[in-house]
>>> print(open('protein_33.pdb').read())   # PDB, N, CA and C atoms
ATOM      1  N   MET A  19      -6.129 -12.524   2.064
ATOM      2  CA  MET A  19      -5.078 -11.882   1.302
ATOM      3  C   MET A  19      -3.768 -11.958   2.079
ATOM      4  N   ALA A  20      -3.734 -11.343   3.297
ATOM      5  CA  ALA A  20      -2.512 -11.364   4.104
ATOM      6  C   ALA A  20      -2.866 -11.117   5.565
ATOM      7  N   ASP A  21      -1.934 -11.467   6.420
ATOM      8  CA  ASP A  21      -2.083 -11.210   7.847
ATOM      9  C   ASP A  21      -1.291  -9.943   8.180
ATOM     10  N   THR A  22      -1.805  -9.131   9.083
ATOM     11  CA  THR A  22      -1.136  -7.876   9.427
ATOM     12  C   THR A  22       0.293  -8.104   9.920
ATOM     13  N   SER A  23       0.564  -9.233  10.549
ATOM     14  CA  SER A  23       1.908  -9.517  11.069
ATOM     15  C   SER A  23       2.935  -9.766   9.966
ATOM     16  N   GLU A  24       2.474 -10.046   8.745
ATOM     17  CA  GLU A  24       3.369 -10.314   7.612
ATOM     18  C   GLU A  24       3.874  -9.046   6.931
ATOM     19  N   VAL A  25       3.255  -7.908   7.243
ATOM     20  CA  VAL A  25       3.523  -6.669   6.508
ATOM     21  C   VAL A  25       4.288  -5.691   7.398
ATOM     22  N   PRO A  26       5.575  -5.449   7.104
ATOM     23  CA  PRO A  26       6.370  -4.559   7.943
ATOM     24  C   PRO A  26       5.972  -3.091   7.789
ATOM     25  N   VAL A  27       6.115  -2.327   8.855
ATOM     26  CA  VAL A  27       5.866  -0.888   8.801
ATOM     27  C   VAL A  27       6.884  -0.262   7.844
ATOM     28  N   GLY A  28       6.394   0.572   6.920
ATOM     29  CA  GLY A  28       7.256   1.201   5.933
ATOM     30  C   GLY A  28       7.589   0.297   4.757
ATOM     31  N   GLY A  29       6.997  -0.878   4.731
ATOM     32  CA  GLY A  29       7.281  -1.844   3.680
ATOM     33  C   GLY A  29       6.029  -2.590   3.289
ATOM     34  N   GLY A  30       6.234  -3.786   2.746
ATOM     35  CA  GLY A  30       5.096  -4.569   2.325
ATOM     36  C   GLY A  30       5.510  -5.891   1.721
ATOM     37  N   ILE A  31       4.518  -6.578   1.187
ATOM     38  CA  ILE A  31       4.724  -7.871   0.541
ATOM     39  C   ILE A  31       3.942  -7.886  -0.771
ATOM     40  N   VAL A  32       4.324  -8.799  -1.661
ATOM     41  CA  VAL A  32       3.559  -9.032  -2.883
ATOM     42  C   VAL A  32       2.945 -10.418  -2.756
ATOM     43  N   ALA A  33       1.618 -10.482  -2.862
ATOM     44  CA  ALA A  33       0.897 -11.749  -2.744
ATOM     45  C   ALA A  33      -0.178 -11.821  -3.821
ATOM     46  N   ASN A  34      -0.113 -12.852  -4.639
ATOM     47  CA  ASN A  34      -1.125 -13.072  -5.689
ATOM     48  C   ASN A  34      -1.312 -11.850  -6.573
ATOM     49  N   GLY A  35      -0.220 -11.195  -6.950
ATOM     50  CA  GLY A  35      -0.294 -10.045  -7.838
ATOM     51  C   GLY A  35      -0.738  -8.753  -7.179
ATOM     52  N   VAL A  36      -0.799  -8.766  -5.854
ATOM     53  CA  VAL A  36      -1.233  -7.586  -5.104
ATOM     54  C   VAL A  36      -0.107  -7.138  -4.183
ATOM     55  N   LEU A  37       0.149  -5.836  -4.171
ATOM     56  CA  LEU A  37       1.115  -5.243  -3.256
ATOM     57  C   LEU A  37       0.365  -4.838  -2.001
ATOM     58  N   VAL A  38       0.728  -5.455  -0.869
ATOM     59  CA  VAL A  38       0.106  -5.168   0.419
ATOM     60  C   VAL A  38       1.122  -4.378   1.234
ATOM     61  N   VAL A  39       0.769  -3.146   1.631
ATOM     62  CA  VAL A  39       1.729  -2.277   2.308
ATOM     63  C   VAL A  39       1.192  -1.749   3.637
ATOM     64  N   GLN A  40       2.140  -1.326   4.472
ATOM     65  CA  GLN A  40       1.817  -0.660   5.733
ATOM     66  C   GLN A  40       2.701   0.599   5.804
ATOM     67  N   PRO A  41       2.261   1.686   5.150
ATOM     68  CA  PRO A  41       3.096   2.884   5.096
ATOM     69  C   PRO A  41       3.376   3.483   6.478
ATOM     70  N   THR A  42       2.398   3.447   7.361
ATOM     71  CA  THR A  42       2.580   3.868   8.748
ATOM     72  C   THR A  42       1.947   2.812   9.638
ATOM     73  N   SER A  43       2.381   2.751  10.855
ATOM     74  CA  SER A  43       1.906   1.719  11.779
ATOM     75  C   SER A  43       0.377   1.686  11.852
ATOM     76  N   GLY A  44      -0.194   0.524  11.532
ATOM     77  CA  GLY A  44      -1.632   0.325  11.621
ATOM     78  C   GLY A  44      -2.420   0.726  10.389
ATOM     79  N   THR A  45      -1.768   1.288   9.372
ATOM     80  CA  THR A  45      -2.436   1.675   8.132
ATOM     81  C   THR A  45      -2.019   0.704   7.036
ATOM     82  N   PHE A  46      -2.986   0.003   6.469
ATOM     83  CA  PHE A  46      -2.719  -0.986   5.430
ATOM     84  C   PHE A  46      -3.417  -0.579   4.141
ATOM     85  N   LYS A  47      -2.729  -0.769   3.017
ATOM     86  CA  LYS A  47      -3.291  -0.465   1.705
ATOM     87  C   LYS A  47      -2.920  -1.573   0.734
ATOM     88  N   LEU A  48      -3.737  -1.713  -0.303
ATOM     89  CA  LEU A  48      -3.478  -2.679  -1.366
ATOM     90  C   LEU A  48      -3.372  -1.943  -2.692
ATOM     91  N   PHE A  49      -2.417  -2.383  -3.519
ATOM     92  CA  PHE A  49      -2.253  -1.848  -4.860
ATOM     93  C   PHE A  49      -2.078  -3.018  -5.822
ATOM     94  N   ASP A  50      -2.499  -2.807  -7.071
ATOM     95  CA  ASP A  50      -2.179  -3.775  -8.118
ATOM     96  C   ASP A  50      -0.662  -3.755  -8.257
ATOM     97  N   ALA A  51      -0.002  -4.901  -8.101
ATOM     98  CA  ALA A  51       1.462  -4.972  -8.110
ATOM     99  C   ALA A  51       2.055  -4.909  -9.514
ATOM    100  N   ALA A  52       1.220  -4.920 -10.553
ATOM    101  CA  ALA A  52       1.714  -4.844 -11.928
ATOM    102  C   ALA A  52       2.087  -3.406 -12.266
ATOM    103  N   CYS A  53       3.330  -3.202 -12.636
ATOM    104  CA  CYS A  53       3.789  -1.871 -13.036
ATOM    105  C   CYS A  53       2.988  -1.422 -14.263
ATOM    106  N   PRO A  54       2.443  -0.197 -14.250
ATOM    107  CA  PRO A  54       1.671   0.280 -15.397
ATOM    108  C   PRO A  54       2.484   0.392 -16.690
ATOM    109  N   HIS A  55       3.800   0.357 -16.609
ATOM    110  CA  HIS A  55       4.646   0.486 -17.797
ATOM    111  C   HIS A  55       4.589  -0.762 -18.676
ATOM    112  N   LYS A  56       4.946  -1.923 -18.109
ATOM    113  CA  LYS A  56       4.976  -3.165 -18.899
ATOM    114  C   LYS A  56       4.311  -4.348 -18.200
ATOM    115  N   GLY A  57       3.721  -4.125 -17.015
ATOM    116  CA  GLY A  57       3.010  -5.188 -16.330
ATOM    117  C   GLY A  57       3.856  -6.103 -15.461
ATOM    118  N   VAL A  58       5.145  -5.805 -15.319
ATOM    119  CA  VAL A  58       6.023  -6.609 -14.463
ATOM    120  C   VAL A  58       5.676  -6.310 -13.000
ATOM    121  N   LEU A  59       5.651  -7.334 -12.156
ATOM    122  CA  LEU A  59       5.323  -7.126 -10.746
ATOM    123  C   LEU A  59       6.448  -6.395 -10.032
ATOM    124  N   VAL A  60       6.057  -5.383  -9.248
ATOM    125  CA  VAL A  60       7.037  -4.651  -8.454
ATOM    126  C   VAL A  60       7.582  -5.543  -7.350
ATOM    127  N   LYS A  61       8.744  -5.185  -6.833
ATOM    128  CA  LYS A  61       9.347  -5.914  -5.719
ATOM    129  C   LYS A  61       8.716  -5.444  -4.412
ATOM    130  N   PRO A  62       8.767  -6.276  -3.354
ATOM    131  CA  PRO A  62       8.295  -5.805  -2.058
ATOM    132  C   PRO A  62       9.049  -4.525  -1.678
ATOM    133  N   PRO A  63       8.344  -3.512  -1.189
ATOM    134  CA  PRO A  63       8.972  -2.224  -0.931
ATOM    135  C   PRO A  63       9.900  -2.222   0.272
ATOM    136  N   GLN A  64      10.842  -1.291   0.210
ATOM    137  CA  GLN A  64      11.745  -1.014   1.318
ATOM    138  C   GLN A  64      11.780   0.490   1.504
ATOM    139  N   ASP A  65      11.809   0.935   2.743
ATOM    140  CA  ASP A  65      11.884   2.372   3.054
ATOM    141  C   ASP A  65      10.815   3.178   2.334
ATOM    142  N   GLY A  66       9.611   2.614   2.225
ATOM    143  CA  GLY A  66       8.491   3.342   1.647
ATOM    144  C   GLY A  66       8.451   3.432   0.139
ATOM    145  N   VAL A  67       9.321   2.667  -0.558
ATOM    146  CA  VAL A  67       9.382   2.732  -2.017
ATOM    147  C   VAL A  67       9.333   1.325  -2.615
ATOM    148  N   ALA A  68       8.440   1.148  -3.589
ATOM    149  CA  ALA A  68       8.376  -0.101  -4.353
ATOM    150  C   ALA A  68       9.051   0.149  -5.695
ATOM    151  N   VAL A  69       9.838  -0.818  -6.164
ATOM    152  CA  VAL A  69      10.596  -0.660  -7.407
ATOM    153  C   VAL A  69      10.231  -1.775  -8.381
ATOM    154  N   CYS A  70      10.026  -1.387  -9.636
ATOM    155  CA  CYS A  70       9.812  -2.371 -10.696
ATOM    156  C   CYS A  70      11.177  -2.883 -11.150
ATOM    157  N   PRO A  71      11.392  -4.195 -11.140
ATOM    158  CA  PRO A  71      12.695  -4.727 -11.517
ATOM    159  C   PRO A  71      12.997  -4.624 -13.011
ATOM    160  N   ALA A  72      11.995  -4.387 -13.846
ATOM    161  CA  ALA A  72      12.223  -4.354 -15.292
ATOM    162  C   ALA A  72      12.917  -3.075 -15.754
ATOM    163  N   HIS A  73      12.391  -1.926 -15.341
ATOM    164  CA  HIS A  73      12.925  -0.653 -15.841
ATOM    165  C   HIS A  73      13.118   0.376 -14.732
ATOM    166  N   ALA A  74      13.110  -0.070 -13.480
ATOM    167  CA  ALA A  74      13.428   0.755 -12.304
ATOM    168  C   ALA A  74      12.450   1.884 -12.017
ATOM    169  N   SER A  75      11.197   1.760 -12.446
ATOM    170  CA  SER A  75      10.203   2.739 -12.013
ATOM    171  C   SER A  75      10.045   2.598 -10.504
ATOM    172  N   LYS A  76       9.870   3.730  -9.819
ATOM    173  CA  LYS A  76       9.725   3.735  -8.361
ATOM    174  C   LYS A  76       8.390   4.337  -7.987
ATOM    175  N   PHE A  77       7.785   3.746  -6.929
ATOM    176  CA  PHE A  77       6.455   4.148  -6.489
ATOM    177  C   PHE A  77       6.446   4.400  -4.982
ATOM    178  N   ASN A  78       5.718   5.432  -4.568
ATOM    179  CA  ASN A  78       5.527   5.753  -3.162
ATOM    180  C   ASN A  78       4.430   4.838  -2.618
ATOM    181  N   ILE A  79       4.711   4.108  -1.528
ATOM    182  CA  ILE A  79       3.698   3.168  -1.027
ATOM    183  C   ILE A  79       2.598   3.850  -0.213
ATOM    184  N   THR A  80       2.748   5.125   0.095
ATOM    185  CA  THR A  80       1.690   5.832   0.817
ATOM    186  C   THR A  80       0.445   5.977  -0.044
ATOM    187  N   ASP A  81       0.650   6.292  -1.329
ATOM    188  CA  ASP A  81      -0.482   6.510  -2.224
ATOM    189  C   ASP A  81      -0.335   5.847  -3.602
ATOM    190  N   GLY A  82       0.770   5.117  -3.821
ATOM    191  CA  GLY A  82       0.996   4.441  -5.092
ATOM    192  C   GLY A  82       1.523   5.334  -6.197
ATOM    193  N   SER A  83       1.777   6.603  -5.879
ATOM    194  CA  SER A  83       2.181   7.553  -6.918
ATOM    195  C   SER A  83       3.559   7.243  -7.487
ATOM    196  N   LYS A  84       3.758   7.664  -8.738
ATOM    197  CA  LYS A  84       5.033   7.512  -9.427
ATOM    198  C   LYS A  84       6.043   8.470  -8.806
ATOM    199  N   ILE A  85       7.249   7.943  -8.531
ATOM    200  CA  ILE A  85       8.356   8.777  -8.074
ATOM    201  C   ILE A  85       9.270   9.070  -9.265
ATOM    202  N   THR A  86       9.736   8.014  -9.940
ATOM    203  CA  THR A  86      10.596   8.159 -11.117
ATOM    204  C   THR A  86      10.388   6.958 -12.034
ATOM    205  N   GLY A  87      10.947   7.057 -13.237
ATOM    206  CA  GLY A  87      10.933   5.930 -14.161
ATOM    207  C   GLY A  87      10.034   6.138 -15.348
ATOM    208  N   PRO A  88      10.032   5.159 -16.255
ATOM    209  CA  PRO A  88       9.272   5.277 -17.499
ATOM    210  C   PRO A  88       7.774   4.995 -17.359
ATOM    211  N   THR A  89       7.328   4.550 -16.186
ATOM    212  CA  THR A  89       5.905   4.259 -16.028
ATOM    213  C   THR A  89       5.066   5.510 -16.274
ATOM    214  N   PRO A  90       3.936   5.378 -16.984
ATOM    215  CA  PRO A  90       3.116   6.558 -17.258
ATOM    216  C   PRO A  90       2.305   7.042 -16.059
ATOM    217  N   THR A  91       2.029   6.139 -15.108
ATOM    218  CA  THR A  91       1.190   6.485 -13.955
ATOM    219  C   THR A  91       1.697   5.755 -12.715
ATOM    220  N   GLY A  92       1.036   6.025 -11.608
ATOM    221  CA  GLY A  92       1.323   5.308 -10.378
ATOM    222  C   GLY A  92       0.598   3.974 -10.339
ATOM    223  N   LEU A  93       0.711   3.279  -9.210
ATOM    224  CA  LEU A  93       0.046   1.992  -9.024
ATOM    225  C   LEU A  93      -1.429   2.209  -8.693
ATOM    226  N   LYS A  94      -2.270   1.304  -9.173
ATOM    227  CA  LYS A  94      -3.708   1.389  -8.935
ATOM    228  C   LYS A  94      -4.038   0.857  -7.541
ATOM    229  N   GLU A  95      -4.663   1.710  -6.719
ATOM    230  CA  GLU A  95      -5.067   1.271  -5.378
ATOM    231  C   GLU A  95      -6.308   0.391  -5.482
ATOM    232  N   LEU A  96      -6.346  -0.647  -4.658
ATOM    233  CA  LEU A  96      -7.468  -1.582  -4.612
ATOM    234  C   LEU A  96      -8.211  -1.405  -3.297
ATOM    235  N   LYS A  97      -9.499  -1.625  -3.324
ATOM    236  CA  LYS A  97     -10.298  -1.506  -2.103
ATOM    237  C   LYS A  97      -9.941  -2.641  -1.157
ATOM    238  N   SER A  98      -9.860  -2.302   0.128
ATOM    239  CA  SER A  98      -9.497  -3.316   1.123
ATOM    240  C   SER A  98     -10.093  -2.966   2.473
ATOM    241  N   GLU A  99     -10.028  -3.937   3.367
ATOM    242  CA  GLU A  99     -10.407  -3.703   4.753
ATOM    243  C   GLU A  99      -9.610  -4.642   5.637
ATOM    244  N   VAL A 100      -9.471  -4.251   6.898
ATOM    245  CA  VAL A 100      -8.789  -5.087   7.873
ATOM    246  C   VAL A 100      -9.836  -5.602   8.843
ATOM    247  N   ASP A 101      -9.886  -6.923   8.999
ATOM    248  CA  ASP A 101     -10.804  -7.567   9.926
ATOM    249  C   ASP A 101      -9.961  -8.324  10.933
ATOM    250  N   GLY A 102      -9.781  -7.734  12.121
ATOM    251  CA  GLY A 102      -8.888  -8.339  13.113
ATOM    252  C   GLY A 102      -7.460  -8.243  12.630
ATOM    253  N   THR A 103      -6.860  -9.391  12.322
ATOM    254  CA  THR A 103      -5.486  -9.391  11.808
ATOM    255  C   THR A 103      -5.436  -9.737  10.320
ATOM    256  N   LYS A 104      -6.583  -9.879   9.686
ATOM    257  CA  LYS A 104      -6.635 -10.253   8.271
ATOM    258  C   LYS A 104      -6.875  -9.012   7.399
ATOM    259  N   ILE A 105      -5.999  -8.854   6.392
ATOM    260  CA  ILE A 105      -6.157  -7.799   5.409
ATOM    261  C   ILE A 105      -6.850  -8.429   4.210
ATOM    262  N   MET A 106      -7.987  -7.881   3.822
ATOM    263  CA  MET A 106      -8.786  -8.482   2.756
ATOM    264  C   MET A 106      -9.027  -7.509   1.614
ATOM    265  N   ARG A 107      -8.958  -8.041   0.410
ATOM    266  CA  ARG A 107      -9.292  -7.250  -0.773
ATOM    267  C   ARG A 107     -10.800  -7.291  -0.971
ATOM    268  N   LEU A 108     -11.376  -6.140  -1.220
ATOM    269  CA  LEU A 108     -12.804  -6.043  -1.507
ATOM    270  C   LEU A 108     -12.972  -5.947  -3.013
ATOM    271  N   GLU A 109     -14.017  -6.534  -3.521
ATOM    272  CA  GLU A 109     -14.273  -6.486  -4.976
ATOM    273  C   GLU A 109     -14.952  -5.208  -5.355
TER     274      GLU A 109
END
>>> encode(input="protein_33.pdb", output="structure tokens")
Amino acid sequence: MADTSEVPVGGGIVANGVLVVQPTSGTFKLFDAACPHKGVLVKPPQDGVAVCPAHASKFNITDGSKITGPTPTGLKELKSEVDGTKIMRLE
């Protein structure tokens, strides 16, 4: 999925429709990057917030929760694990 070195602390990346984040140093989480409102992929987060470019819904990358916007819910967290420097999505 991603290498730990690619994911900044307090931020993240979008890869293959998945939002990969590091809310605090050494803690990695995966979320479905599709905004629950209309399915548009969120942008890579900055300062702990991911934003949907379509209608400006904002999400907290610590838990995927909705901050503001028209989205009905937060982002869906996906199961993951870190093996060495590789962040992997679990089915």
>>> atom_distance(input="protein_33.pdb", atom1="CA of Pro26 (chain A)", atom2="CA of Ser98 (chain A)")
17.3 Å
>>> residues_near_point(input="protein_33.pdb", point="(4.7, 3.7, 3.3)", cutoff="6 Å", atoms="only N, CA and C atoms", output="list in words")
Gly28, Gly29, Gln40, Pro41, Thr42, Gly66, Ile79 and Thr80 of chain A
>>> write_last_selection(input="protein_33.pdb", atoms="N, CA and C atoms", output="PDB file, keeping the file's coordinate frame")
ATOM      1  N   GLY A  28       6.394   0.572   6.920  1.00  0.00           N
ATOM      2  CA  GLY A  28       7.256   1.201   5.933  1.00  0.00           C
ATOM      3  C   GLY A  28       7.589   0.297   4.757  1.00  0.00           C
ATOM      4  N   GLY A  29       6.997  -0.878   4.731  1.00  0.00           N
ATOM      5  CA  GLY A  29       7.281  -1.844   3.680  1.00  0.00           C
ATOM      6  C   GLY A  29       6.029  -2.590   3.289  1.00  0.00           C
ATOM      7  N   GLN A  40       2.140  -1.326   4.472  1.00  0.00           N
ATOM      8  CA  GLN A  40       1.817  -0.660   5.733  1.00  0.00           C
ATOM      9  C   GLN A  40       2.701   0.599   5.804  1.00  0.00           C
ATOM     10  N   PRO A  41       2.261   1.686   5.150  1.00  0.00           N
ATOM     11  CA  PRO A  41       3.096   2.884   5.096  1.00  0.00           C
ATOM     12  C   PRO A  41       3.376   3.483   6.478  1.00  0.00           C
ATOM     13  N   THR A  42       2.398   3.447   7.361  1.00  0.00           N
ATOM     14  CA  THR A  42       2.580   3.868   8.748  1.00  0.00           C
ATOM     15  C   THR A  42       1.947   2.812   9.638  1.00  0.00           C
ATOM     16  N   GLY A  66       9.611   2.614   2.225  1.00  0.00           N
ATOM     17  CA  GLY A  66       8.491   3.342   1.647  1.00  0.00           C
ATOM     18  C   GLY A  66       8.451   3.432   0.139  1.00  0.00           C
ATOM     19  N   ILE A  79       4.711   4.108  -1.528  1.00  0.00           N
ATOM     20  CA  ILE A  79       3.698   3.168  -1.027  1.00  0.00           C
ATOM     21  C   ILE A  79       2.598   3.850  -0.213  1.00  0.00           C
ATOM     22  N   THR A  80       2.748   5.125   0.095  1.00  0.00           N
ATOM     23  CA  THR A  80       1.690   5.832   0.817  1.00  0.00           C
ATOM     24  C   THR A  80       0.445   5.977  -0.044  1.00  0.00           C
TER      25      THR A  80
END
>>> resolve_selection(input="protein_33.pdb", expression="the PyMOL selection byres ((chain A and resi 31-36) around 6.5)", output="VMD selection string")
chain A and resid 24 to 26 29 to 30 37 to 39 48 to 52 61 to 63
>>> resolve_selection(input="protein_33.pdb", expression="the PyMOL selection byres ((chain A and resi 100-107) around 6.5)", output="compact mmCIF listing (two decimals) with N, CA and C atoms, in the frame of the given file")
# COMPACT_ATOMS: atom_id res chain seq x y z
N MET A 19 -6.13 -12.52 2.06
CA MET A 19 -5.08 -11.88 1.30
C MET A 19 -3.77 -11.96 2.08
N ALA A 20 -3.73 -11.34 3.30
CA ALA A 20 -2.51 -11.36 4.10
C ALA A 20 -2.87 -11.12 5.56
N ASP A 21 -1.93 -11.47 6.42
CA ASP A 21 -2.08 -11.21 7.85
C ASP A 21 -1.29 -9.94 8.18
N THR A 22 -1.80 -9.13 9.08
CA THR A 22 -1.14 -7.88 9.43
C THR A 22 0.29 -8.10 9.92
N SER A 23 0.56 -9.23 10.55
CA SER A 23 1.91 -9.52 11.07
C SER A 23 2.94 -9.77 9.97
N LEU A 96 -6.35 -0.65 -4.66
CA LEU A 96 -7.47 -1.58 -4.61
C LEU A 96 -8.21 -1.40 -3.30
N LYS A 97 -9.50 -1.62 -3.32
CA LYS A 97 -10.30 -1.51 -2.10
C LYS A 97 -9.94 -2.64 -1.16
N SER A 98 -9.86 -2.30 0.13
CA SER A 98 -9.50 -3.32 1.12
C SER A 98 -10.09 -2.97 2.47
N GLU A 99 -10.03 -3.94 3.37
CA GLU A 99 -10.41 -3.70 4.75
C GLU A 99 -9.61 -4.64 5.64
N LEU A 108 -11.38 -6.14 -1.22
CA LEU A 108 -12.80 -6.04 -1.51
C LEU A 108 -12.97 -5.95 -3.01
N GLU A 109 -14.02 -6.53 -3.52
CA GLU A 109 -14.27 -6.49 -4.98
C GLU A 109 -14.95 -5.21 -5.36
>>> closest_residue(input="protein_33.pdb", among="A:Lys84, A:Ala74, A:Gly44, A:Glu95", to="Val60 (chain A)", atoms="only C-alpha atoms")
A:Ala74
>>> atom_distance(input="protein_33.pdb", atom1="CA of Val58 (chain A)", atom2="CA of His73 (chain A)")
9.2 Å
>>> atom_distance(input="protein_33.pdb", atom1="atom C of Ile85 (chain A)", atom2="CA of Thr45 (chain A)")
22.2 Å
>>> select_by_dssp(input="protein_33.pdb", residues="region 25-109 of chain A", states="strand (DSSP E)", output="ChimeraX atom specification")
/A:29-33,36-42,45-50,67-69,76-78,84-86,95-96,98-101,104-107
>>> residues_around(input="protein_33.pdb", residues="Asn78 (chain A)", least_positions_apart="4", cutoff="6 Å", atoms="only C-alpha atoms", output="list in words")
Val67, Gly82 and Ser83 of chain A
>>> write_last_selection(input="protein_33.pdb", atoms="N, CA and C atoms", output="PDB file, in the frame of the given file")
ATOM      1  N   VAL A  67       9.321   2.667  -0.558  1.00  0.00           N
ATOM      2  CA  VAL A  67       9.382   2.732  -2.017  1.00  0.00           C
ATOM      3  C   VAL A  67       9.333   1.325  -2.615  1.00  0.00           C
ATOM      4  N   GLY A  82       0.770   5.117  -3.821  1.00  0.00           N
ATOM      5  CA  GLY A  82       0.996   4.441  -5.092  1.00  0.00           C
ATOM      6  C   GLY A  82       1.523   5.334  -6.197  1.00  0.00           C
ATOM      7  N   SER A  83       1.777   6.603  -5.879  1.00  0.00           N
ATOM      8  CA  SER A  83       2.181   7.553  -6.918  1.00  0.00           C
ATOM      9  C   SER A  83       3.559   7.243  -7.487  1.00  0.00           C
TER      10      SER A  83
END
>>> closest_residue(input="protein_33.pdb", among="A:Gln64, A:Ala72, A:Leu59, A:Pro54", to="Thr91 (chain A)", atoms="all atoms listed in the file")
A:Pro54
>>> axis_aligned_box(input="protein_33.pdb", around="region 78-87 of chain A", padding_each_side="3 Å", output="lines of an AutoDock Vina configuration file")
center_x = 5.2
center_y = 6.1
center_z = -7.3
size_x = 17.4
size_y = 11.9
size_z = 22.2
>>> decode(input="protein_33.pdb", residues="region 56-67 of chain A", atoms="N, CA, C and O atoms", output="PDB file, in the first residue's frame")
ATOM      1  N   LYS A  56     -20.505  12.327  -2.021  1.00  0.00           N
ATOM      2  CA  LYS A  56     -20.679  12.064  -3.459  1.00  0.00           C
ATOM      3  C   LYS A  56     -19.625  11.126  -4.041  1.00  0.00           C
ATOM      4  O   LYS A  56     -19.558  10.939  -5.248  1.00  0.00           O
ATOM      5  N   GLY A  57     -18.725  10.595  -3.197  1.00  0.00           N
ATOM      6  CA  GLY A  57     -17.738   9.642  -3.671  1.00  0.00           C
ATOM      7  C   GLY A  57     -16.471  10.234  -4.263  1.00  0.00           C
ATOM      8  O   GLY A  57     -15.628   9.505  -4.767  1.00  0.00           O
ATOM      9  N   VAL A  58     -16.323  11.555  -4.214  1.00  0.00           N
ATOM     10  CA  VAL A  58     -15.110  12.204  -4.722  1.00  0.00           C
ATOM     11  C   VAL A  58     -13.965  11.925  -3.742  1.00  0.00           C
ATOM     12  O   VAL A  58     -14.161  11.969  -2.520  1.00  0.00           O
ATOM     13  N   LEU A  59     -12.774  11.646  -4.256  1.00  0.00           N
ATOM     14  CA  LEU A  59     -11.636  11.363  -3.382  1.00  0.00           C
ATOM     15  C   LEU A  59     -11.178  12.624  -2.668  1.00  0.00           C
ATOM     16  O   LEU A  59     -11.032  13.681  -3.277  1.00  0.00           O
ATOM     17  N   VAL A  60     -10.952  12.480  -1.356  1.00  0.00           N
ATOM     18  CA  VAL A  60     -10.439  13.600  -0.576  1.00  0.00           C
ATOM     19  C   VAL A  60      -9.004  13.902  -0.981  1.00  0.00           C
ATOM     20  O   VAL A  60      -8.306  13.045  -1.542  1.00  0.00           O
ATOM     21  N   LYS A  61      -8.560  15.111  -0.686  1.00  0.00           N
ATOM     22  CA  LYS A  61      -7.180  15.510  -0.958  1.00  0.00           C
ATOM     23  C   LYS A  61      -6.280  14.997   0.163  1.00  0.00           C
ATOM     24  O   LYS A  61      -6.748  14.776   1.281  1.00  0.00           O
ATOM     25  N   PRO A  62      -4.970  14.835  -0.105  1.00  0.00           N
ATOM     26  CA  PRO A  62      -4.064  14.478   0.979  1.00  0.00           C
ATOM     27  C   PRO A  62      -4.183  15.514   2.102  1.00  0.00           C
ATOM     28  O   PRO A  62      -4.247  16.714   1.836  1.00  0.00           O
ATOM     29  N   PRO A  63      -4.257  15.069   3.351  1.00  0.00           N
ATOM     30  CA  PRO A  63      -4.503  15.986   4.455  1.00  0.00           C
ATOM     31  C   PRO A  63      -3.317  16.875   4.791  1.00  0.00           C
ATOM     32  O   PRO A  63      -2.170  16.530   4.547  1.00  0.00           O
ATOM     33  N   GLN A  64      -3.662  18.014   5.376  1.00  0.00           N
ATOM     34  CA  GLN A  64      -2.682  18.946   5.915  1.00  0.00           C
ATOM     35  C   GLN A  64      -3.152  19.340   7.301  1.00  0.00           C
ATOM     36  O   GLN A  64      -4.359  19.532   7.518  1.00  0.00           O
ATOM     37  N   ASP A  65      -2.228  19.464   8.231  1.00  0.00           N
ATOM     38  CA  ASP A  65      -2.554  19.880   9.604  1.00  0.00           C
ATOM     39  C   ASP A  65      -3.667  19.044  10.215  1.00  0.00           C
ATOM     40  O   ASP A  65      -4.544  19.569  10.912  1.00  0.00           O
ATOM     41  N   GLY A  66      -3.663  17.741   9.931  1.00  0.00           N
ATOM     42  CA  GLY A  66      -4.621  16.835  10.547  1.00  0.00           C
ATOM     43  C   GLY A  66      -6.016  16.833   9.968  1.00  0.00           C
ATOM     44  O   GLY A  66      -6.923  16.222  10.532  1.00  0.00           O
ATOM     45  N   VAL A  67      -6.215  17.500   8.809  1.00  0.00           N
ATOM     46  CA  VAL A  67      -7.544  17.590   8.207  1.00  0.00           C
ATOM     47  C   VAL A  67      -7.486  17.209   6.728  1.00  0.00           C
ATOM     48  O   VAL A  67      -6.666  17.725   5.979  1.00  0.00           O
TER      49      VAL A  67
END
